[in-house]
Amino acid sequence: MTLSSTGRGLSAEAAFDRFRTRVLVRFQDPQLRRAAFCLLALGAGIGPLLAGSAKAALAAAPTDGADTLLMLVGSAMVLLMTPGLAFFYGGFTRSKNVLNCMMMSFFLMGLIGVLWVVIGYSLAFDTGFGSPFIGGLGTMFLNGLGGELGDKALAPGFPISATSFALFQCMFAIITPALISGALVERISFKAWFWFCLLWSLLIYSPMCKMVWGGGFIGPFGTIGAIDFAGGTVVHIASGVAALVAAAIIGPRTTWPNSKRPPHNVPFILLGAGLLWFGWFGFNGASMFASKTAGFPFLTTTTSASAGLLTWCMIEWFKDGKPTAVGAATGAVAGLVGITPAAGFVYMPQSILIGILTSAACLIAVRIKAAIQFDDSLDTFMVHGVGGTLGALLTGILASKTLVPADYFPLSAKIMEESGNFGLFIAQLKATLFTYGFVALGTAIILWVLGALMPLRVSAEDEERGLDFVAHGEEAYDPMTN
Amino acid sequence: MKMITAMVRPSKVDAIKTALLALEIIGMTVTDSRGFGRQKGQIERYRGTEFTVEFLPKSKIEIVVPTEKLEAAITAITEAAHTGEIGDGKIFVSPVENVIRIRTGETGKATL
């Protein structure tokens with residue numbers, strides 16, 4: 001904005017003159033000058049602590065059509081990941097539990113879809129409470145978001161419509177608790193699952209979102225200064241750790257490990273992994289919030305998935321003699337999990353390296369789990385927890401300075417400026433440990449409270465009968481339906 | 001009349017059907033089934049965990065033939081289902097008291 005002599009105000013010169021005579025002159029008074037100096041020093045000290053103060057560097061810009069379209073298309077793609085996950089998980093279960101397993105994901109498109117709009121988004125991204133750990137109640141029902149037509153830009157420096165951002169985030173909120181279901185299938189009661197997801201989404205997911213992406217404690221505008229491009233901590237570490245804790249509290253299936261069954265439908269697993277891969281382009285790619293520069297996250301996403309698939313199959317081929325279809329699907333997902341926190345911060349060679357390392361680490365984790373006979377049924381922690389953790393740490397080591405601009409990541413860029421990738425690695429490590437502690441404790445408390453109010457798992461007889469019929473009164477493969 | 005129950009490899013069902021049709025044996029029932037004998041099971045591996053799948057898929061073919069066609073039918077099935085490996089299957093033969101065609105009420109050999 002330029003000072004102009006037109007309009008109802010004073011001319012620039014006159015305004016400055018007035019300012020000089022009425023304000024500046026007084027600072028010539030020595031006592032006032034001293035007081036002002038102290039105030040300035042104090043301001044410089046607390047300035048960086050005020051969240052959002054650094055955002056002033058970002059220019060306000062009108063909503064961009066192409067960028068907003070990227071968000072809308074990205075949202076639709078991420079939505080498809082949830083039924084994709086349902087197929088991915090559903091293929092692994094026994095045929096008598098497949099509908100229940102798929103419903104644990106699919107149902108959340110209803111529950112969280114409403115919850116997010118009503119209050120979840122507000123708790124994650126509003127600033128009402130002024131806390132670095134939780135949002136506020138100001139944007140309940142997405143009230144006022146994007147103006148009357150929903151087309152107002154999100155914030156300075158983010159020329160996407162605020163509504164498209166809320167929608168995009170909604171899809172993340174849906175799939176994150178769905179990921180946890182993998183550790184609990186074939187025994188958790190559906191009622192307990194309903195209440196667990198409702199509480200977990202409000203008490204764990206929304207605060208995680210605030211802390212990492214909403215200018216809160218963990219993120220680049222907060223205290224730790226960690227970066228998380230598309231959800232390494234918020235989605236994968238959080239769901240993985242919650243899965244581990246929940247599986248430990250709820251306990252193994254009664255049939256585990258003595259009468260294990262192989263996956264009932266491996267083609268489902270491949271279908272699900274394919275849908276996840278497709279949706280992940282939206283998950284990571286649209287997390288750039290800008291269509292012109294989304295090329296890198298799209299590319300790193302797919303190269304890491306490819307490297308992960310290849311790595312898992314090659315290890316199996318050398319070690320067991322045959323590459324497996326289940327291994328290909330799992331390796332691809334591991335690569336996708338690994339690249340999630342890094343997708344917009346690294347170039348191609350690093351993305352391939354992340355895919356290889358994550359896939360190998362997850363494979364080892366899955367085998368350790370099998371050896372110690374812990375019933376994280378579908379390896380949620382072993383893939384999302386381990387892969388997410390490794391991805392978050394590798395982001396610290398491999399992030400390229402050019403791709404972490406100070407405008408958008410002030411604290412992280414400062415850390416990299418001062419102590420390079422090692423400094424960022426330490427920040428990522430702190431963020432990871434903090435997330436482990438917060439999510440593990442929070443999940444345990446939710447389950448202990450729920451466990452006091454209702455049985456968390458079905459009876460052994462119901463488990464034997466199969467949860468499709470017990471929980472839903474349906475059968476996936478009833479022989480009498482033709 | 002005799003009932004032939006043949007437990008065979010699922011991949012051999014088409015060849016057996018063709019061989020039986022050549023003998024003008026035109027009725028049969030095929031059921032997907034699972035079982036094991038000397039073949040035992042097979043080892044499958046998912047995410048590095050080994051599963052022993054003991055019951056392997058087999059096809060159960062049931063045919064009722066006039067006694068004079070029994071030997072020819074058994075020969076045809078044996079030849080069509082044979083590979084020489086363990087797991088080729090077995091044939092059981094049992095007597096049949098009567099057969100009734102529901103549509104016409106005919107009984108006995110005339111129905112075959």
# chains A, B, ... in the order shown; residues from 1 in each chain; ligands from 1

call {"tool": "residues_around", "arguments": {"residues": "stretch 267-272 of chain A", "least_positions_apart": "3", "cutoff": "9 Å", "atoms": "only C-alpha atoms", "output": "number ranges by chain"}}
result
A: 81, 83-92, 263-264, 275-277, 325-326, 328-330

call {"tool": "residues_around", "arguments": {"residues": "A:Gly74", "least_positions_apart": "5", "cutoff": "8 Å", "atoms": "only C-alpha atoms", "output": "list of chain:residue names"}}
result
A:Phe168, A:Gly279, A:Phe281, A:Gly282, A:Phe283, A:Gly285, A:Ala286

call {"tool": "closest_atom_pairs", "arguments": {"of": "chain A", "to": "chain B", "cutoff": "8 Å", "atoms": "only C-alpha atoms", "output": "Markdown table"}}
result
| residue | atom | partner | partner_atom | distance |
| --- | --- | --- | --- | --- |
| A:Lys260 | CA | B:Phe51 | CA | 7.6 |
| A:Arg261 | CA | B:Phe51 | CA | 7.2 |
| A:Pro262 | CA | B:Phe51 | CA | 6.5 |
| A:Pro263 | CA | B:Tyr46 | CA | 7.7 |
| A:Glu316 | CA | B:Gly48 | CA | 8.0 |
| A:Thr324 | CA | B:Tyr46 | CA | 7.5 |
| A:Val326 | CA | B:Tyr46 | CA | 6.4 |
| A:Gly327 | CA | B:Arg47 | CA | 5.9 |
| A:Leu363 | CA | B:Arg47 | CA | 7.8 |
| A:Val366 | CA | B:Arg47 | CA | 7.2 |
| A:Arg367 | CA | B:Gly48 | CA | 6.3 |
| A:Ala370 | CA | B:Thr49 | CA | 6.8 |

call {"tool": "write_last_selection", "arguments": {"atoms": "N, CA and C atoms", "output": "short mmCIF file (atom, residue, chain, number, x, y, z; two decimals), in the first residue's frame"}}
result
data_model
loop_
_atom_site.label_atom_id
_atom_site.label_comp_id
_atom_site.auth_asym_id
_atom_site.auth_seq_id
_atom_site.Cartn_x
_atom_site.Cartn_y
_atom_site.Cartn_z
N LYS A 260 -3.23 -69.69 13.15
CA LYS A 260 -3.20 -68.56 12.23
C LYS A 260 -3.82 -68.98 10.90
N ARG A 261 -4.32 -67.99 10.17
CA ARG A 261 -4.82 -68.26 8.82
C ARG A 261 -4.12 -67.33 7.83
N PRO A 262 -3.85 -67.84 6.65
CA PRO A 262 -3.30 -66.93 5.63
C PRO A 262 -4.37 -65.92 5.20
N PRO A 263 -3.95 -64.83 4.52
CA PRO A 263 -4.92 -63.84 4.05
C PRO A 263 -6.02 -64.51 3.22
N GLU A 316 12.78 -60.59 -0.36
CA GLU A 316 12.09 -61.89 -0.31
C GLU A 316 12.68 -62.86 -1.33
N THR A 324 6.72 -62.10 -3.31
CA THR A 324 5.30 -62.35 -3.10
C THR A 324 4.46 -61.12 -3.44
N VAL A 326 1.79 -60.15 -1.70
CA VAL A 326 1.54 -59.44 -0.44
C VAL A 326 2.76 -58.57 -0.11
N GLY A 327 3.95 -59.08 -0.38
CA GLY A 327 5.17 -58.32 -0.13
C GLY A 327 5.25 -57.08 -1.02
N LEU A 363 10.15 -54.35 6.76
CA LEU A 363 10.22 -55.80 6.59
C LEU A 363 10.86 -56.46 7.81
N VAL A 366 8.38 -56.29 10.69
CA VAL A 366 7.30 -57.28 10.54
C VAL A 366 7.79 -58.66 10.98
N ARG A 367 9.04 -58.98 10.61
CA ARG A 367 9.56 -60.30 10.97
C ARG A 367 9.87 -60.41 12.46
N ALA A 370 6.60 -61.04 14.11
CA ALA A 370 6.18 -62.44 13.95
C ALA A 370 6.97 -63.32 14.91
#

call {"tool": "residues_around", "arguments": {"residues": "A:Ala166", "least_positions_apart": "3", "cutoff": "8 Å", "atoms": "only C-alpha atoms", "output": "ChimeraX atom specification"}}
result
/A:121,142,162-163,169-170

call {"tool": "select_by_dssp", "arguments": {"residues": "chain B", "states": "strand (DSSP E or B)", "output": "PyMOL selection string"}}
result
chain B and resi 2-8+29-35+42-46+49-53+56-65+89-95+100+107

call {"tool": "select_by_dssp", "arguments": {"residues": "chain B", "states": "alpha helix (DSSP H)", "output": "PyMOL selection string"}}
result
chain B and resi 13-22+70-81

call {"tool": "residues_around", "arguments": {"residues": "stretch 464-469 of chain A", "least_positions_apart": "5", "cutoff": "9 Å", "atoms": "only C-alpha atoms", "output": "ChimeraX atom specification"}}
result
/A:94-101,186-187,189,254-255,458-459,474-476

call {"tool": "residues_around", "arguments": {"residues": "A:Phe438", "least_positions_apart": "2", "cutoff": "10 Å", "atoms": "only C-alpha atoms", "output": "PyMOL selection string"}}
result
chain A and resi 204+207-208+238+241-242+432-436+440-443

call {"tool": "residues_around", "arguments": {"residues": "stretch 55-70 of chain B", "least_positions_apart": "4", "cutoff": "8 Å", "atoms": "only C-alpha atoms", "output": "number ranges by chain"}}
result
B: 1-10, 13, 25, 27-36, 40-42, 74, 96, 109, 112

call {"tool": "write_last_selection", "arguments": {"atoms": "C-alpha atoms", "output": "compact mmCIF listing (two decimals), in the first residue's frame"}}
result
# COMPACT_ATOMS: atom_id res chain seq x y z
CA MET B 1 -26.01 -99.27 -11.16
CA LYS B 2 -22.89 -97.93 -9.53
CA MET B 3 -21.90 -94.58 -8.09
CA ILE B 4 -18.37 -93.43 -8.95
CA THR B 5 -16.96 -90.77 -6.61
CA ALA B 6 -13.66 -89.47 -7.96
CA MET B 7 -11.47 -87.08 -5.96
CA VAL B 8 -9.23 -85.42 -8.55
CA ARG B 9 -7.06 -82.40 -9.25
CA PRO B 10 -9.28 -79.40 -10.16
CA VAL B 13 -11.93 -81.86 -14.46
CA ILE B 25 -21.91 -90.84 -19.94
CA GLY B 27 -24.58 -86.79 -16.21
CA MET B 28 -22.21 -85.74 -13.49
CA THR B 29 -21.97 -83.51 -10.44
CA VAL B 30 -18.77 -81.65 -9.61
CA THR B 31 -18.12 -80.17 -6.16
CA ASP B 32 -15.21 -77.97 -5.10
CA SER B 33 -13.71 -79.63 -2.06
CA ARG B 34 -10.60 -79.72 0.07
CA GLY B 35 -8.66 -82.58 1.48
CA PHE B 36 -5.35 -84.25 1.99
CA LYS B 40 -0.04 -83.57 2.86
CA GLY B 41 -0.12 -79.77 2.61
CA GLN B 42 1.96 -77.02 1.12
CA ILE B 74 -12.99 -95.94 -14.35
CA VAL B 96 -26.85 -97.52 -6.07
CA LYS B 109 -31.44 -97.58 -15.68
CA LEU B 112 -29.11 -92.66 -16.87
